[in-house]
Amino acid sequence: MIRQIVTPVSRVKAGKGRLRDSSLKTHETRYFDSIENDREPVKTESSFNARMNELEAVNYEQSIPHSRVKRNSAEEKEDELQELPIIHVITPTYKRMNQIPEMTRVANTLKNVKALHWIVVEEGNQTLPEVKQLLTKSGIDFTYLSARPYKNLNTSLKGIHQRNKAIFWLRKNVDLSKDGVVYFADDDNTYDLELFEEMRYTKKVSVWPVGFVSRRQYQTPILKNGKVVKFNAWNTENRKFPIDMAGFALNTKMFYFNPQLYFWKTFRVGYQETMFLEICCLLRDLEPKGNGCTKVLVWHTKARDPVIEHSSYNITMQASNNQKYELEKENERVPSIRKSEKKSRS
C-alpha cells in the first residue's frame with residue numbers, strides 16, 4: 001500500500017508500510033518558525049568547537065547487517081528493512097516543458113532503493129496534480145510540498161527556499177537524533193543505484209565525484225592515505241569545500257546538533273555548498289565514497305528545453321475536427337441562403 005504524505009504529520013516512515021515516532025526539540029521549532037516567517041534567527045553563542053565536541057561524543061558506530069540465510073517470511077523481511085537507515089532525498093522542482101520526463105527518470109531510479117523517503121518541493125504557491133500523480137504512480141514513499149521564493153533575494157541562489165522547506169519539514173516531523181541520511185538530488189541529474197547504498201551508512205558527511213560539472217568531465221575529492229586532503233574542482237582557492245550539491249550527503253544527526261544548518265539567504269552565489277558545509281563539519285570529517293572517489297555515480301545530465309514547432313497530435317486532431325465541423329455547418333447554411341435568394345428573385 002502506498003502512503004502519501006502531502007502535509008506535515010507527526011510521524012514519518014521508517015520503511016515501506018512502516019512509521020516511526022518523531023520528536024522535535026524546542027530550539028528546532030523556534031528556528032523553523034523564524035525562517036518560515038521570512039526572518040533569520042539570532043545566532044546562538046555556542047562556539048563551533050563546542051558543537052563539534054558534543055558531536056564527537058556521540059557514538060556513531062553503526063553496524064551493517066550481516067549477511068543472512070535467505071528467508072521467505074514477509075515479516076522477517078520487513079524487520080530487516082526496518083534496520084536500514086532511511087535516506088531522505090530532497091528534490092526541488094519547477095513547472096516546465098520537460099519537468100515530467102526528468103522527474104520520471106529520477107523516480108525510476110529511486111523506486112529501486114530500499115528504505116527511501118522522497119521529499120519533492122515544488123516552486124510556487126501550490127503543488128501540481130500531474131507531479132502528484134507521478135509520485136503516487138511511482139510507489140515511492142514521498143512528501144510533496146510547495147515553497148515560494150524568498151523576497152528580495154538574488155535569483156542566482158536557486159532552490160534554497162525549496163531545500164530549506166524540506167529541511168524544516170524534517171526538523172518538525174522526523175527524529176533527527178537517530179541515524180538516517182539527507183541527500184540533495186536535483187531532478188536534472190542521473191543517479192547510479194550504487195550511490196544510495198554507498199551513502200546509506202554515512203557517519204557525518206560523505207562525499208564522491210560528480211560528472212559533467214563546470215565544464216569538466218568530473219570533479220572529485222583527492223585522497224591521501226584514505227582521507228580527503230583537497231579537491232579537483234572549480235575555484236578551489238576560495239572555497240573550503242568545492243563540492244557540487246549532488247556530491248555529498250549528511251547524517252541526520254548533523255541537523256540535530258546544528259540547528260543553524262540550512263541555506264542562509266546571505267550565502268554568496270556559487271558558494272552555497274561550501275558555506276552550508278562549513279556550518280557543520282571540518283575537512284577531516286569527510287568520508288570518501290565511490291570506491292575511494294574513483295567512480296562517478298552521479299552526472300549532471302540536464303535536458304535541453306524541447307523546440308516545439310508544431311502542435312501535438314491530439315491538439316491538431318481536435319483543431320481539424322473543429323474545422324471540419326464548422327465547414328459542415330457552413331455547407332448546411334449556404335444552400336438555405338441560395339434558396340431564399342431564388343425565392344426573392346421570383
# chains A, B, ... in the order shown; residues from 1 in each chain; ligands from 1
$ residues_around --residues "segment 86-89 of chain A" --least-positions-apart "5" --cutoff "7 Å" --atoms "only C-alpha atoms" --output "PyMOL selection string"
chain A and resi 14+115-119+180-185+200
$ residues_around --residues "Pro92 of chain A" --least-positions-apart "4" --cutoff "7 Å" --atoms "only C-alpha atoms" --output "list in words"
Val120, Val121, Glu122, Gly159, Gln162, Arg163 and Asp186 of chain A
$ select_by_dssp --residues "segment 139-212 of chain A" --states "helix (DSSP H, G or I)" --output "list in words"
Ile160, His161, Gln162, Arg163, Asn164, Lys165, Ala166, Ile167, Phe168, Trp169, Leu170, Arg171, Lys172, Asn173, Leu193, Glu194, Leu195, Phe196, Glu197, Glu198 and Met199 of chain A
$ select_by_dssp --residues "segment 89-233 of chain A" --states "strand (DSSP E or B)" --output "ChimeraX atom specification"
/A:89-93,116-123,141-147,180-184,189-191,205-207,210-213,216-224,227-232
$ write_last_selection --atoms "C-alpha atoms" --output "PDB file, in the first residue's frame"
ATOM      1  CA  VAL A  89      16.128  12.525  -0.804  1.00  0.00           C
ATOM      2  CA  ILE A  90      15.297  16.230  -1.261  1.00  0.00           C
ATOM      3  CA  THR A  91      14.412  17.290  -4.812  1.00  0.00           C
ATOM      4  CA  PRO A  92      13.492  20.878  -5.777  1.00  0.00           C
ATOM      5  CA  THR A  93      11.465  21.107  -8.994  1.00  0.00           C
ATOM      6  CA  LEU A 116      13.925   5.749   0.955  1.00  0.00           C
ATOM      7  CA  HIS A 117      11.750   8.798   1.536  1.00  0.00           C
ATOM      8  CA  TRP A 118      11.447  11.271  -1.353  1.00  0.00           C
ATOM      9  CA  ILE A 119      10.740  14.904  -0.439  1.00  0.00           C
ATOM     10  CA  VAL A 120       9.751  16.840  -3.558  1.00  0.00           C
ATOM     11  CA  VAL A 121       9.342  20.612  -3.245  1.00  0.00           C
ATOM     12  CA  GLU A 122       7.506  22.484  -5.984  1.00  0.00           C
ATOM     13  CA  GLU A 123       8.362  26.121  -6.610  1.00  0.00           C
ATOM     14  CA  ASP A 141       7.217   6.884  -0.037  1.00  0.00           C
ATOM     15  CA  PHE A 142       7.033  10.619  -0.662  1.00  0.00           C
ATOM     16  CA  THR A 143       6.213  14.021   0.751  1.00  0.00           C
ATOM     17  CA  TYR A 144       5.120  16.678  -1.742  1.00  0.00           C
ATOM     18  CA  LEU A 145       5.437  20.317  -0.650  1.00  0.00           C
ATOM     19  CA  SER A 146       5.488  23.754  -2.253  1.00  0.00           C
ATOM     20  CA  ALA A 147       7.647  26.777  -1.451  1.00  0.00           C
ATOM     21  CA  GLY A 180      19.494   8.490   8.735  1.00  0.00           C
ATOM     22  CA  VAL A 181      20.766  10.268   5.632  1.00  0.00           C
ATOM     23  CA  VAL A 182      19.817  13.527   3.892  1.00  0.00           C
ATOM     24  CA  TYR A 183      20.746  13.935   0.220  1.00  0.00           C
ATOM     25  CA  PHE A 184      20.008  16.827  -2.145  1.00  0.00           C
ATOM     26  CA  ASN A 189      20.694  14.618 -12.724  1.00  0.00           C
ATOM     27  CA  THR A 190      21.207  10.924 -13.428  1.00  0.00           C
ATOM     28  CA  TYR A 191      21.943   8.599 -10.484  1.00  0.00           C
ATOM     29  CA  VAL A 205      29.333  13.805   5.760  1.00  0.00           C
ATOM     30  CA  SER A 206      30.111  11.505   2.829  1.00  0.00           C
ATOM     31  CA  VAL A 207      31.499  12.773  -0.496  1.00  0.00           C
ATOM     32  CA  VAL A 210      30.243  14.205  -9.774  1.00  0.00           C
ATOM     33  CA  GLY A 211      30.299  14.038 -13.565  1.00  0.00           C
ATOM     34  CA  PHE A 212      29.875  16.908 -16.046  1.00  0.00           C
ATOM     35  CA  VAL A 213      30.335  19.859 -13.670  1.00  0.00           C
ATOM     36  CA  ARG A 216      34.808  19.391 -16.515  1.00  0.00           C
ATOM     37  CA  GLN A 217      34.359  15.717 -17.206  1.00  0.00           C
ATOM     38  CA  TYR A 218      34.066  15.312 -13.441  1.00  0.00           C
ATOM     39  CA  GLN A 219      35.098  16.991 -10.202  1.00  0.00           C
ATOM     40  CA  THR A 220      36.257  14.949  -7.242  1.00  0.00           C
ATOM     41  CA  PRO A 221      37.823  14.995  -3.802  1.00  0.00           C
ATOM     42  CA  ILE A 222      41.502  13.989  -3.787  1.00  0.00           C
ATOM     43  CA  LEU A 223      42.610  11.495  -1.140  1.00  0.00           C
ATOM     44  CA  LYS A 224      45.823  10.832   0.710  1.00  0.00           C
ATOM     45  CA  LYS A 227      41.449  10.878   3.758  1.00  0.00           C
ATOM     46  CA  VAL A 228      40.230  13.863   1.752  1.00  0.00           C
ATOM     47  CA  VAL A 229      43.026  16.449   1.566  1.00  0.00           C
ATOM     48  CA  LYS A 230      41.979  18.658  -1.386  1.00  0.00           C
ATOM     49  CA  PHE A 231      39.729  18.808  -4.424  1.00  0.00           C
ATOM     50  CA  ASN A 232      39.925  18.745  -8.187  1.00  0.00           C
TER      51      ASN A 232
END
$ closest_residue --among "A:Glu278, A:Asn173, A:Tyr201, A:Leu128" --to "Asn258 of chain A" --atoms "only C-alpha atoms"
A:Glu278
$ atom_distance --atom1 "atom CA of Gln99 of chain A" --atom2 "atom CA of Val131 of chain A"
8.6 Å
$ closest_residue --among "A:Phe196, A:Trp234, A:Tyr150, A:Phe248" --to "Asn164 of chain A" --atoms "only C-alpha atoms"
A:Tyr150
$ atom_distance --atom1 "atom CA of Gly247 of chain A" --atom2 "atom CA of Gln260 of chain A"
21.1 Å
$ atom_distance --atom1 "atom CA of Glu309 of chain A" --atom2 "atom CA of Arg105 of chain A"
24.7 Å
